[in-house]
Every structure is written in C-alpha cells, then in structure tokens.
$ cat target_16.pdb   # PDB, C-alpha atoms
ATOM      1  CA  MET A   1       0.000   0.000   0.000
ATOM      2  CA  SER A   2       1.449   3.330  -1.065
ATOM      3  CA  THR A   3       0.917   6.645   0.713
ATOM      4  CA  PRO A   4       1.224   9.987  -1.081
ATOM      5  CA  THR A   5       4.528  11.617  -0.157
ATOM      6  CA  ASN A   6       3.154  15.141  -0.534
ATOM      7  CA  PRO A   7      -0.611  14.886  -0.194
ATOM      8  CA  SER A   8      -2.731  17.886  -1.116
ATOM      9  CA  LYS A   9      -5.516  19.143   1.091
ATOM     10  CA  PRO A  10      -8.967  17.774   0.321
ATOM     11  CA  VAL A  11     -11.870  20.063  -0.532
ATOM     12  CA  LEU A  12     -15.288  20.039   1.080
ATOM     13  CA  SER A  13     -18.336  18.580  -0.597
ATOM     14  CA  LEU A  14     -21.994  18.589   0.379
ATOM     15  CA  GLY A  15     -24.234  15.587  -0.150
ATOM     16  CA  PRO A  16     -27.951  15.750  -0.977
ATOM     17  CA  VAL A  17     -30.547  16.585   1.671
ATOM     18  CA  TYR A  18     -31.874  13.199   2.774
ATOM     19  CA  TYR A  19     -34.802  14.638   4.757
ATOM     20  CA  LEU A  20     -38.110  16.049   3.568
ATOM     21  CA  TRP A  21     -37.872  19.827   3.768
ATOM     22  CA  ASP A  22     -40.504  22.007   2.138
ATOM     23  CA  GLY A  23     -39.491  23.599  -1.146
ATOM     24  CA  PRO A  24     -38.727  27.139   0.081
ATOM     25  CA  LYS A  25     -36.645  25.842   3.005
ATOM     26  CA  TRP A  26     -34.732  23.540   0.631
ATOM     27  CA  ARG A  27     -34.111  26.412  -1.805
ATOM     28  CA  ASP A  28     -33.038  28.866   0.883
ATOM     29  CA  PHE A  29     -30.697  26.279   2.398
ATOM     30  CA  TYR A  30     -28.787  25.958  -0.875
ATOM     31  CA  PHE A  31     -28.837  29.705  -1.477
ATOM     32  CA  ARG A  32     -27.005  30.139   1.826
ATOM     33  CA  ILE A  33     -24.585  27.362   0.961
ATOM     34  CA  ALA A  34     -23.870  29.164  -2.315
ATOM     35  CA  ASP A  35     -23.307  32.515  -0.638
ATOM     36  CA  GLU A  36     -21.531  31.576   2.592
ATOM     37  CA  ALA A  37     -20.126  28.038   2.714
ATOM     38  CA  PRO A  38     -16.526  27.112   1.700
ATOM     39  CA  ILE A  39     -17.739  24.076  -0.222
ATOM     40  CA  ALA A  40     -16.390  23.150  -3.639
ATOM     41  CA  HIS A  41     -18.848  20.471  -4.764
ATOM     42  CA  VAL A  42     -22.589  20.111  -4.088
ATOM     43  CA  THR A  43     -24.864  17.182  -4.907
ATOM     44  CA  ILE A  44     -28.564  18.008  -4.987
ATOM     45  CA  GLY A  45     -31.747  16.074  -5.674
ATOM     46  CA  GLU A  46     -33.983  13.471  -4.077
ATOM     47  CA  ALA A  47     -32.192  10.248  -3.174
ATOM     48  CA  VAL A  48     -34.547   8.733  -0.589
ATOM     49  CA  CYS A  49     -38.201   8.777  -1.750
ATOM     50  CA  SER A  50     -39.543   9.571  -5.209
ATOM     51  CA  LYS A  51     -42.833  10.790  -3.726
ATOM     52  CA  ARG A  52     -40.982  13.825  -2.338
ATOM     53  CA  LEU A  53     -39.751  15.092  -5.696
ATOM     54  CA  HIS A  54     -42.574  17.538  -6.291
ATOM     55  CA  PHE A  55     -41.529  19.534  -3.211
ATOM     56  CA  ILE A  56     -38.169  20.517  -4.699
ATOM     57  CA  GLU A  57     -38.694  20.315  -8.482
ATOM     58  CA  PRO A  58     -39.914  23.933  -8.870
ATOM     59  CA  PHE A  59     -36.684  25.201  -7.264
ATOM     60  CA  VAL A  60     -34.007  22.965  -8.804
ATOM     61  CA  GLY A  61     -33.155  25.294 -11.690
ATOM     62  CA  GLU A  62     -32.638  28.408  -9.582
ATOM     63  CA  VAL A  63     -30.675  26.443  -6.971
ATOM     64  CA  ILE A  64     -28.288  25.100  -9.609
ATOM     65  CA  GLU A  65     -27.847  28.569 -11.081
ATOM     66  CA  ARG A  66     -27.131  30.131  -7.679
ATOM     67  CA  LEU A  67     -24.607  27.430  -6.776
ATOM     68  CA  GLU A  68     -22.783  27.650 -10.105
ATOM     69  CA  VAL A  69     -22.632  31.446 -10.032
ATOM     70  CA  ALA A  70     -20.931  31.019  -6.651
ATOM     71  CA  GLY A  71     -18.337  28.734  -8.241
ATOM     72  CA  LYS A  72     -19.645  25.403  -6.909
ATOM     73  CA  GLN A  73     -19.561  22.225  -8.983
ATOM     74  CA  VAL A  74     -23.011  20.617  -9.058
ATOM     75  CA  SER A  75     -24.054  16.973  -9.426
ATOM     76  CA  LEU A  76     -27.538  15.462  -9.399
ATOM     77  CA  ALA A  77     -28.354  12.508  -7.143
ATOM     78  CA  SER A  78     -30.127   9.397  -8.377
ATOM     79  CA  LEU A  79     -32.616   7.485  -6.225
ATOM     80  CA  ALA A  80     -31.189   5.054  -3.702
ATOM     81  CA  LEU A  81     -33.881   2.415  -4.265
ATOM     82  CA  VAL A  82     -35.866   1.839  -7.458
ATOM     83  CA  THR A  83     -38.902  -0.411  -6.955
ATOM     84  CA  LEU A  84     -41.547   0.952  -9.337
ATOM     85  CA  GLU A  85     -41.691   1.481 -13.089
ATOM     86  CA  ARG A  86     -42.396   5.151 -12.401
ATOM     87  CA  GLU A  87     -39.134   5.372 -10.468
ATOM     88  CA  SER A  88     -37.277   3.543 -13.216
ATOM     89  CA  GLN A  89     -38.564   6.123 -15.682
ATOM     90  CA  LEU A  90     -37.410   8.914 -13.371
ATOM     91  CA  VAL A  91     -33.875   7.527 -13.317
ATOM     92  CA  ARG A  92     -33.821   7.044 -17.096
ATOM     93  CA  GLY A  93     -35.069  10.596 -17.585
ATOM     94  CA  LEU A  94     -32.487  11.985 -15.176
ATOM     95  CA  VAL A  95     -29.640  10.284 -17.016
ATOM     96  CA  ARG A  96     -31.006  11.152 -20.452
ATOM     97  CA  ASP A  97     -31.800  14.810 -19.854
ATOM     98  CA  SER A  98     -29.252  16.031 -17.314
ATOM     99  CA  THR A  99     -26.409  18.258 -18.447
ATOM    100  CA  HIS A 100     -24.808  17.794 -15.024
ATOM    101  CA  PRO A 101     -22.892  14.787 -13.707
ATOM    102  CA  ILE A 102     -24.992  12.133 -11.973
ATOM    103  CA  GLU A 103     -24.206  10.709  -8.545
ATOM    104  CA  VAL A 104     -25.177   7.034  -8.544
ATOM    105  CA  ASN A 105     -26.887   5.896  -5.355
ATOM    106  CA  ASP A 106     -28.230   2.608  -6.695
ATOM    107  CA  LEU A 107     -26.711   0.130  -9.148
ATOM    108  CA  SER A 108     -29.797   0.347 -11.375
ATOM    109  CA  ALA A 109     -28.387   3.599 -12.799
ATOM    110  CA  LEU A 110     -25.002   2.139 -13.725
ATOM    111  CA  HIS A 111     -25.945   0.503 -17.036
ATOM    112  CA  LEU A 112     -27.500   3.785 -18.180
ATOM    113  CA  LEU A 113     -24.263   5.632 -17.420
ATOM    114  CA  ALA A 114     -21.764   3.078 -18.739
ATOM    115  CA  GLY A 115     -18.836   4.950 -20.275
ATOM    116  CA  ARG A 116     -20.207   8.337 -19.254
ATOM    117  CA  PRO A 117     -18.440  10.243 -16.450
ATOM    118  CA  HIS A 118     -20.335  10.048 -13.170
ATOM    119  CA  SER A 119     -19.743   9.761  -9.431
ATOM    120  CA  ILE A 120     -20.607   7.058  -6.915
ATOM    121  CA  GLY A 121     -22.482   8.029  -3.752
ATOM    122  CA  PRO A 122     -22.004   6.626  -0.248
ATOM    123  CA  LEU A 123     -25.122   4.448  -0.509
ATOM    124  CA  VAL A 124     -23.379   2.111  -2.973
ATOM    125  CA  ASN A 125     -21.376  -0.641  -1.251
ATOM    126  CA  VAL A 126     -17.753  -0.110  -2.284
ATOM    127  CA  TYR A 127     -15.966  -2.306   0.228
ATOM    128  CA  ASN A 128     -12.738  -3.198  -1.600
ATOM    129  CA  GLY A 129     -10.296  -2.013  -4.224
ATOM    130  CA  ALA A 130     -11.563  -4.412  -6.898
ATOM    131  CA  THR A 131     -15.056  -2.926  -6.743
ATOM    132  CA  ALA A 132     -13.626   0.577  -6.995
ATOM    133  CA  ARG A 133     -11.567  -0.432 -10.055
ATOM    134  CA  LEU A 134     -14.610  -1.930 -11.744
ATOM    135  CA  LEU A 135     -16.661   1.201 -11.159
ATOM    136  CA  ALA A 136     -13.819   3.410 -12.404
ATOM    137  CA  SER A 137     -13.525   1.296 -15.558
ATOM    138  CA  ARG A 138     -17.206   2.010 -16.267
ATOM    139  CA  GLY A 139     -16.809   5.786 -15.978
ATOM    140  CA  ALA A 140     -16.806   6.644 -12.273
ATOM    141  CA  THR A 141     -14.486   9.609 -11.749
ATOM    142  CA  SER A 142     -15.076   9.916  -7.992
ATOM    143  CA  ILE A 143     -16.305   7.532  -5.311
ATOM    144  CA  CYS A 144     -17.713   8.458  -1.907
ATOM    145  CA  LEU A 145     -16.839   5.497   0.271
ATOM    146  CA  PRO A 146     -19.531   4.053   2.561
ATOM    147  CA  PRO A 147     -19.542   5.711   5.993
ATOM    148  CA  GLU A 148     -19.228   2.385   7.819
ATOM    149  CA  LEU A 149     -15.756   1.620   6.413
ATOM    150  CA  PRO A 150     -12.857   1.581   8.893
ATOM    151  CA  MET A 151      -9.757   3.608   8.068
ATOM    152  CA  THR A 152      -7.773   0.457   7.304
ATOM    153  CA  SER A 153     -10.168  -0.284   4.417
ATOM    154  CA  VAL A 154     -10.096   3.334   3.230
ATOM    155  CA  HIS A 155      -6.293   3.162   3.057
ATOM    156  CA  GLY A 156      -6.373  -0.076   1.108
ATOM    157  CA  ILE A 157      -8.983   1.002  -1.443
ATOM    158  CA  ILE A 158      -7.300   4.344  -2.160
ATOM    159  CA  GLY A 159      -3.856   2.754  -2.346
ATOM    160  CA  GLU A 160      -5.056   0.277  -4.993
ATOM    161  CA  ASN A 161      -6.724   2.965  -7.150
ATOM    162  CA  PRO A 162      -4.360   5.934  -7.534
ATOM    163  CA  GLY A 163      -6.224   7.449 -10.495
ATOM    164  CA  VAL A 164      -9.610   7.838  -8.778
ATOM    165  CA  ASP A 165     -10.835  10.696  -6.572
ATOM    166  CA  PHE A 166     -12.160   9.373  -3.268
ATOM    167  CA  GLU A 167     -14.502  11.044  -0.830
ATOM    168  CA  VAL A 168     -15.283  10.215   2.809
ATOM    169  CA  PHE A 169     -18.512  10.804   4.722
ATOM    170  CA  ALA A 170     -17.290  12.983   7.599
ATOM    171  CA  PHE A 171     -20.377  14.669   9.040
ATOM    172  CA  GLY A 172     -24.017  13.702   9.419
ATOM    173  CA  ARG A 173     -26.365  11.027  10.595
ATOM    174  CA  VAL A 174     -25.156   7.836   8.956
ATOM    175  CA  PRO A 175     -27.489   6.337   6.304
ATOM    176  CA  LEU A 176     -27.722   2.679   7.328
ATOM    177  CA  ALA A 177     -30.526   1.085   5.290
ATOM    178  CA  ILE A 178     -33.389   1.794   2.922
ATOM    179  CA  SER A 179     -36.593  -0.174   2.419
ATOM    180  CA  ALA A 180     -39.526  -0.430   0.040
ATOM    181  CA  ARG A 181     -41.756   0.028   3.108
ATOM    182  CA  CYS A 182     -42.052   3.246   5.099
ATOM    183  CA  ALA A 183     -41.490   2.633   8.798
ATOM    184  CA  HIS A 184     -41.759   6.375   9.423
ATOM    185  CA  ALA A 185     -45.365   6.381   8.186
ATOM    186  CA  ARG A 186     -46.200   3.168  10.059
ATOM    187  CA  SER A 187     -44.864   4.629  13.300
ATOM    188  CA  LYS A 188     -47.525   7.335  13.019
ATOM    189  CA  GLY A 189     -50.397   5.033  12.063
ATOM    190  CA  LEU A 190     -50.193   5.600   8.296
ATOM    191  CA  ILE A 191     -49.178   3.549   5.276
ATOM    192  CA  LYS A 192     -46.713   4.386   2.508
ATOM    193  CA  ASP A 193     -49.379   4.891  -0.178
ATOM    194  CA  ASN A 194     -51.193   7.381   2.047
ATOM    195  CA  CYS A 195     -48.297   8.698   4.110
ATOM    196  CA  GLN A 196     -49.470  12.317   4.004
ATOM    197  CA  PHE A 197     -45.744  13.172   3.872
ATOM    198  CA  ILE A 198     -45.628  12.748   7.633
ATOM    199  CA  CYS A 199     -41.820  12.560   7.527
ATOM    200  CA  GLY A 200     -41.855  16.306   6.912
ATOM    201  CA  GLU A 201     -42.743  16.724  10.585
ATOM    202  CA  ASP A 202     -39.243  15.476  11.459
ATOM    203  CA  PRO A 203     -36.781  17.600   9.438
ATOM    204  CA  ASP A 204     -33.808  15.952  11.152
ATOM    205  CA  GLY A 205     -35.239  12.431  11.392
ATOM    206  CA  LEU A 206     -37.475  10.658  13.933
ATOM    207  CA  THR A 207     -35.590   9.137  16.864
ATOM    208  CA  VAL A 208     -36.243   5.452  17.557
ATOM    209  CA  GLU A 209     -35.832   4.240  21.128
ATOM    210  CA  THR A 210     -35.170   0.787  22.536
ATOM    211  CA  LEU A 211     -37.543  -0.922  24.979
ATOM    212  CA  ASP A 212     -35.403   0.671  27.698
ATOM    213  CA  SER A 213     -36.154   4.146  26.262
ATOM    214  CA  GLN A 214     -32.614   4.626  24.990
ATOM    215  CA  PRO A 215     -32.147   6.486  21.656
ATOM    216  CA  PHE A 216     -31.062   3.938  19.078
ATOM    217  CA  LEU A 217     -31.735   4.839  15.444
ATOM    218  CA  ALA A 218     -33.589   7.444  13.404
ATOM    219  CA  LEU A 219     -36.299   7.054  10.775
ATOM    220  CA  ASN A 220     -36.381   9.227   7.672
ATOM    221  CA  GLY A 221     -39.245   8.004   5.543
ATOM    222  CA  VAL A 222     -38.120   4.705   4.009
ATOM    223  CA  GLN A 223     -34.565   5.274   5.234
ATOM    224  CA  THR A 224     -33.032   4.151   8.527
ATOM    225  CA  MET A 225     -30.237   6.314   9.919
ATOM    226  CA  SER A 226     -28.010   6.410  12.974
ATOM    227  CA  HIS A 227     -29.173   8.287  16.049
ATOM    228  CA  THR A 228     -25.688   9.729  16.451
ATOM    229  CA  CYS A 229     -24.035  12.150  14.075
ATOM    230  CA  GLN A 230     -20.788  10.957  12.562
ATOM    231  CA  ALA A 231     -18.171  13.685  13.073
ATOM    232  CA  LEU A 232     -14.694  12.947  11.746
ATOM    233  CA  LEU A 233     -12.744  16.069  12.659
ATOM    234  CA  GLN A 234      -9.860  14.643  14.654
ATOM    235  CA  GLU A 235      -9.383  12.072  11.884
ATOM    236  CA  LEU A 236      -8.781  14.657   9.126
ATOM    237  CA  PRO A 237      -4.965  14.276   9.175
ATOM    238  CA  GLU A 238      -5.366  10.585   8.346
ATOM    239  CA  PHE A 239      -7.565  11.389   5.366
ATOM    240  CA  VAL A 240      -5.081  13.917   4.069
ATOM    241  CA  ALA A 241      -2.202  11.450   4.402
ATOM    242  CA  ALA A 242      -4.220   8.747   2.647
ATOM    243  CA  GLY A 243      -4.905  10.986  -0.354
ATOM    244  CA  VAL A 244      -8.639  11.573   0.120
ATOM    245  CA  SER A 245      -9.839  14.189  -2.384
ATOM    246  CA  ARG A 246     -13.096  15.320  -0.766
ATOM    247  CA  ILE A 247     -14.543  15.522   2.726
ATOM    248  CA  ARG A 248     -18.315  15.087   2.542
ATOM    249  CA  LEU A 249     -20.769  16.861   4.821
ATOM    250  CA  SER A 250     -24.321  15.516   4.880
ATOM    251  CA  PRO A 251     -26.989  18.195   5.491
ATOM    252  CA  GLN A 252     -28.605  18.168   8.925
ATOM    253  CA  ASP A 253     -31.190  20.591  10.282
ATOM    254  CA  CYS A 254     -28.583  22.978  11.658
ATOM    255  CA  ASP A 255     -26.326  25.780  10.416
ATOM    256  CA  MET A 256     -24.462  23.868   7.717
ATOM    257  CA  ALA A 257     -22.556  26.953   6.561
ATOM    258  CA  ALA A 258     -21.048  27.148  10.052
ATOM    259  CA  VAL A 259     -20.306  23.392   9.956
ATOM    260  CA  ALA A 260     -18.482  23.875   6.656
ATOM    261  CA  HIS A 261     -16.355  26.686   8.093
ATOM    262  CA  ILE A 262     -15.419  24.519  11.063
ATOM    263  CA  PHE A 263     -14.265  21.681   8.816
ATOM    264  CA  ALA A 264     -12.450  24.052   6.459
ATOM    265  CA  ASP A 265     -10.596  25.611   9.387
ATOM    266  CA  ALA A 266      -9.685  22.181  10.764
ATOM    267  CA  ILE A 267      -8.305  21.083   7.388
ATOM    268  CA  SER A 268      -6.230  24.250   7.033
ATOM    269  CA  GLY A 269      -5.034  24.187  10.640
ATOM    270  CA  ARG A 270      -6.755  27.435  11.622
ATOM    271  CA  ARG A 271      -8.575  25.511  14.368
ATOM    272  CA  SER A 272      -7.251  22.598  16.356
ATOM    273  CA  ALA A 273      -9.238  19.368  16.403
ATOM    274  CA  CYS A 274     -10.319  20.069  19.991
ATOM    275  CA  GLU A 275     -11.458  23.593  19.187
ATOM    276  CA  ALA A 276     -13.288  22.434  16.086
ATOM    277  CA  GLN A 277     -15.061  19.661  17.988
ATOM    278  CA  ALA A 278     -16.228  22.080  20.684
ATOM    279  CA  ASP A 279     -17.462  24.541  18.057
ATOM    280  CA  LEU A 280     -19.283  21.763  16.214
ATOM    281  CA  ALA A 281     -21.119  20.814  19.408
ATOM    282  CA  ASP A 282     -22.299  24.432  19.704
ATOM    283  CA  VAL A 283     -23.587  24.468  16.123
ATOM    284  CA  TYR A 284     -25.333  21.074  16.367
ATOM    285  CA  PRO A 285     -26.299  20.747  20.058
ATOM    286  CA  ASN A 286     -28.161  17.888  21.730
ATOM    287  CA  ARG A 287     -26.952  15.344  19.180
ATOM    288  CA  PRO A 288     -24.284  12.847  20.291
ATOM    289  CA  PHE A 289     -21.315  12.513  17.959
ATOM    290  CA  SER A 290     -19.778   9.224  16.873
ATOM    291  CA  ASN A 291     -16.706   7.939  15.036
ATOM    292  CA  GLY A 292     -16.681   4.246  15.918
ATOM    293  CA  PHE A 293     -16.884   2.986  12.337
ATOM    294  CA  HIS A 294     -13.618   4.748  11.536
ATOM    295  CA  TYR A 295     -11.823   2.623  14.137
ATOM    296  CA  GLY A 296     -13.533  -0.652  13.234
ATOM    297  CA  GLN A 297     -15.722  -0.533  16.328
ATOM    298  CA  THR A 298     -19.414  -0.014  17.058
ATOM    299  CA  GLY A 299     -20.563   2.833  14.848
ATOM    300  CA  ALA A 300     -22.283   4.735  17.654
ATOM    301  CA  ALA A 301     -19.115   4.808  19.758
ATOM    302  CA  TRP A 302     -17.103   7.952  20.383
ATOM    303  CA  ILE A 303     -13.351   7.422  20.568
ATOM    304  CA  SER A 304     -11.217  10.380  21.599
ATOM    305  CA  VAL A 305      -7.816  10.696  19.997
ATOM    306  CA  ASP A 306      -5.072  11.853  22.338
ATOM    307  CA  ALA A 307      -4.549  15.583  21.761
ATOM    308  CA  GLY A 308      -0.817  14.993  21.533
ATOM    309  CA  ALA A 309      -1.269  12.379  18.826
ATOM    310  CA  VAL A 310      -3.406  14.788  16.827
ATOM    311  CA  ALA A 311      -0.797  17.507  17.224
ATOM    312  CA  ARG A 312       1.914  15.137  15.986
ATOM    313  CA  SER A 313      -0.058  14.538  12.780
ATOM    314  CA  PRO A 314      -0.801  18.026  11.457
ATOM    315  CA  VAL A 315      -2.810  18.619   8.296
ATOM    316  CA  THR A 316      -0.141  19.638   5.774
TER     317      THR A 316
END

$ encode --input "target_16.pdb" --output "structure tokens"
Amino acid sequence: MSTPTNPSKPVLSLGPVYYLWDGPKWRDFYFRIADEAPIAHVTIGEAVCSKRLHFIEPFVGEVIERLEVAGKQVSLASLALVTLERESQLVRGLVRDSTHPIEVNDLSALHLLAGRPHSIGPLVNVYNGATARLLASRGATSICLPPELPMTSVHGIIGENPGVDFEVFAFGRVPLAISARCAHARSKGLIKDNCQFICGEDPDGLTVETLDSQPFLALNGVQTMSHTCQALLQELPEFVAAGVSRIRLSPQDCDMAAVAHIFADAISGRRSACEAQADLADVYPNRPFSNGFHYGQTGAAWISVDAGAVARSPVT
C-alpha cells in the first residue's frame, strides 16, 4: 500500500438533503450554501423517496444557477432504491436529460451511465479495491466510500486505485438502510401509499428508542439512519495522508454553513481538532457525535484521539 509523499488538502463537498424539507426551506438552504459556505462540490436532488420530488422540483433550476454562479460544482443525485416502473422512468429521464454529472446511489443507474463520467455516492457498497476499479472502468471519476468503512479499508482502497478521486462521509447522521416500506409512516399510524408526507414533521429524522427508552436509530421516511451524528474532525490528518480528495458533509437541520467553516478551518489548521469539535457541538447541540466505524468498532461509539497524537499529525 502506497501513501502519497506530498498529499494535497482535500476540498469540502456537500451531499444531498436526505430529509423532507418544504421547497422554500430547501431552496433557501442551498442559497445560503452558495453565498456563505466554503464548499467546492454540491450534490442536490432526491435520493430517498420519489414521492418527495414535487416539493423541490420547482426550485431545482434556480438552486443550480445560484450554486454555479458562486463557483460550486453541481451533481444530481439518483434514487437510492428503485422499486416501481415510475421510479425507473425517473432515473432514465435523469440520465437522459441532465447536463450535469450524476451521482449514482443505486446500481440500477449504472448501465445507463456506462462509459459516461459520473460519481458514486455513499449508498453504494464499495468495500474493496476491486469494486472501486470496476466502477472506475465504467466511468466513475469519484467515489464516496460508505460511511461504515474503517480507516484500514479506506487506506487499502485508495492505495489500490491511484487514479480515482475518493470522498469520505465525515459529518451527518449515517445512512444505514433503505426499504420499500415506510417505517416512518407506520410509526404514526399511516401507510406508505397514504403517508401524508408525515416525515416532513421530522426535518432531522425521527428518533427510535429501545424498549429501555434509549435512543437507538432514526427514521427518515423509508430510510433508517443512525441516532448519532458521525463527526470525523480529529481524523482529518489521516484522510489527508491517505490521499482523500473530498470531505463530505451531509446536510442536517442545523447551520451547515457554520459546519463547513469549522471543517475548512480544521483542514487548514486554523482551528485545532479540539477547538473544532467544541465549536461543532455548539452548532449542532443535543446530538451525540460518533466515530466508531472509523476505528472498526461499534458505529455509535465515540473514541477520543489523544490531543498529543493529533498535534503530531498536522494537516499539511
């Protein structure tokens, strides 16, 4: 396994909003990202539930224009689960009509994009170097690795694929699973076909508790997410040394422009890992942070890195 001898600093990217936000809130969120956030690449679109598309469709054009005027690169997300012919048609139309790169979140889009440059989202299981090579051979120019991968796997995959840009999921509730059924609707006495878009009542996900009333997971429509928020700030030096190209932030219902500034400052060294972590807790309060997956342990765990060890591995 080779390690870059003079690694460059990664840039920040922003994944799609996984939650159901009403159209004006969704639009205004991206307008602020365009105007205030030090983010280089933004992926927009509906990845979780096709029924939500009509909320954001009227605003997609002006959001793309605002982001591009601000110098951001824009990609469009494909659905993470295609179960209906209507959804299959949506994916085909997206690939056929889009003038922007597509982020693949489900393998059903791959045959439509064969040979055409595209990116791979974190919802696709890229668990080894061979899979990454196969995807790159079919036109993938960047791959966001799954958030559950430990750093040892990240090192191995990047080391085996020097010509591919890799991205890591560094901030946000971790997307764990997606289903054809809507547990969010069922939890509120509704069914998927008549859900009344009840997931919109929980713009940051609906917390699921164990029988002992302990927070465990979160529901987001048909998607299951972690209760904790993955926050890989103290791990940034490792990503730089490994040659990671992008650090992905996943939108939560908080001040994401401030989150982006915190990560940008941590990458550049303007804030120490400890300072950045404390500032992040102020921006996104009352949500426990986690980094267990990074260390090959339980995903919800929080493992503190010795401040001296962090200082000995500066972001350069």

$ closest_residue --input "target_16.pdb" --among "A:Asn105, A:Ser153, A:Ser226, A:Gln89" --to "Ala300 of chain A" --atoms "all atoms listed in the file"
A:Ser226

$ closest_residue --input "target_16.pdb" --among "A:Leu84, A:Val95, A:Cys254, A:Val305" --to "Gly292 of chain A" --atoms "all atoms listed in the file"
A:Val305

$ resolve_selection --input "target_16.pdb" --expression "the PyMOL selection byres ((chain A and resi 124) around 9)" --output "list in words"
Ala80, Val104, Asn105, Asp106, Leu107, Ile120, Gly121, Pro122, Leu123, Asn125, Val126, Cys144, Leu145 and Pro146 of chain A

$ residues_around --input "target_16.pdb" --residues "segment 190-197 of chain A" --least-positions-apart "2" --cutoff "12 Å" --atoms "all atoms listed in the file" --output "PyMOL selection string"
chain A and resi 19-22+49-55+179-188+199-203+220-222

$ closest_residue --input "target_16.pdb" --among "A:Ser108, A:Gln277, A:Ser272, A:Asn161" --to "Ser290 of chain A" --atoms "all atoms listed in the file"
A:Gln277

$ atom_distance --input "target_16.pdb" --atom1 "atom CA of Glu235 of chain A" --atom2 "atom CA of Ile158 of chain A"
16.2 Å

$ atom_distance --input "target_16.pdb" --atom1 "atom CA of Val60 of chain A" --atom2 "atom CA of Ser88 of chain A"
20.2 Å

$ resolve_selection --input "target_16.pdb" --expression "the PyMOL selection byres ((chain A and resi 61) around 12)" --output "ChimeraX atom specification"
/A:27,30-31,44-45,56-60,62-68,74,76,98-100

$ atom_distance --input "target_16.pdb" --atom1 "atom CA of Ile198 of chain A" --atom2 "atom CA of Ala257 of chain A"
27.1 Å

$ build_atoms --input "target_16.pdb" --residues "segment 138-155 of chain A" --atoms "N, CA and C atoms" --output "CSV table (one decimal), in the frame of the given file"
chain,number,residue,atom,x,y,z
A,138,ARG,N,-15.9,1.7,-15.6
A,138,ARG,CA,-17.2,2.0,-16.3
A,138,ARG,C,-17.5,3.5,-16.3
A,139,GLY,N,-16.6,4.4,-15.8
A,139,GLY,CA,-16.8,5.8,-16.0
A,139,GLY,C,-16.9,6.6,-14.7
A,140,ALA,N,-16.8,5.9,-13.5
A,140,ALA,CA,-16.8,6.6,-12.3
A,140,ALA,C,-15.5,7.4,-12.1
A,141,THR,N,-15.7,8.7,-11.9
A,141,THR,CA,-14.5,9.6,-11.7
A,141,THR,C,-14.2,9.9,-10.3
A,142,SER,N,-15.2,9.7,-9.4
A,142,SER,CA,-15.1,9.9,-8.0
A,142,SER,C,-16.0,8.9,-7.3
A,143,ILE,N,-15.6,8.5,-6.1
A,143,ILE,CA,-16.3,7.5,-5.3
A,143,ILE,C,-16.3,8.0,-3.9
A,144,CYS,N,-17.6,8.2,-3.3
A,144,CYS,CA,-17.7,8.5,-1.9
A,144,CYS,C,-17.8,7.1,-1.2
A,145,LEU,N,-16.9,6.8,-0.4
A,145,LEU,CA,-16.8,5.5,0.3
A,145,LEU,C,-17.9,5.4,1.3
A,146,PRO,N,-18.5,4.2,1.6
A,146,PRO,CA,-19.5,4.1,2.6
A,146,PRO,C,-19.1,4.5,3.9
A,147,PRO,N,-20.0,5.1,4.7
A,147,PRO,CA,-19.5,5.7,6.0
A,147,PRO,C,-19.2,4.7,7.0
A,148,GLU,N,-19.5,3.4,6.8
A,148,GLU,CA,-19.2,2.4,7.8
A,148,GLU,C,-17.8,1.8,7.6
A,149,LEU,N,-17.1,2.2,6.6
A,149,LEU,CA,-15.8,1.6,6.4
A,149,LEU,C,-14.8,2.1,7.5
A,150,PRO,N,-14.0,1.2,8.0
A,150,PRO,CA,-12.9,1.6,8.9
A,150,PRO,C,-11.7,2.2,8.1
A,151,MET,N,-10.8,2.9,8.8
A,151,MET,CA,-9.8,3.6,8.1
A,151,MET,C,-8.8,2.6,7.4
A,152,THR,N,-8.6,1.4,7.9
A,152,THR,CA,-7.8,0.5,7.3
A,152,THR,C,-8.3,0.1,5.9
A,153,SER,N,-9.6,0.0,5.7
A,153,SER,CA,-10.2,-0.3,4.4
A,153,SER,C,-10.0,0.9,3.5
A,154,VAL,N,-10.2,2.1,4.0
A,154,VAL,CA,-10.1,3.3,3.2
A,154,VAL,C,-8.7,3.4,2.7
A,155,HIS,N,-7.7,3.2,3.5
A,155,HIS,CA,-6.3,3.2,3.1
A,155,HIS,C,-6.1,2.2,1.9
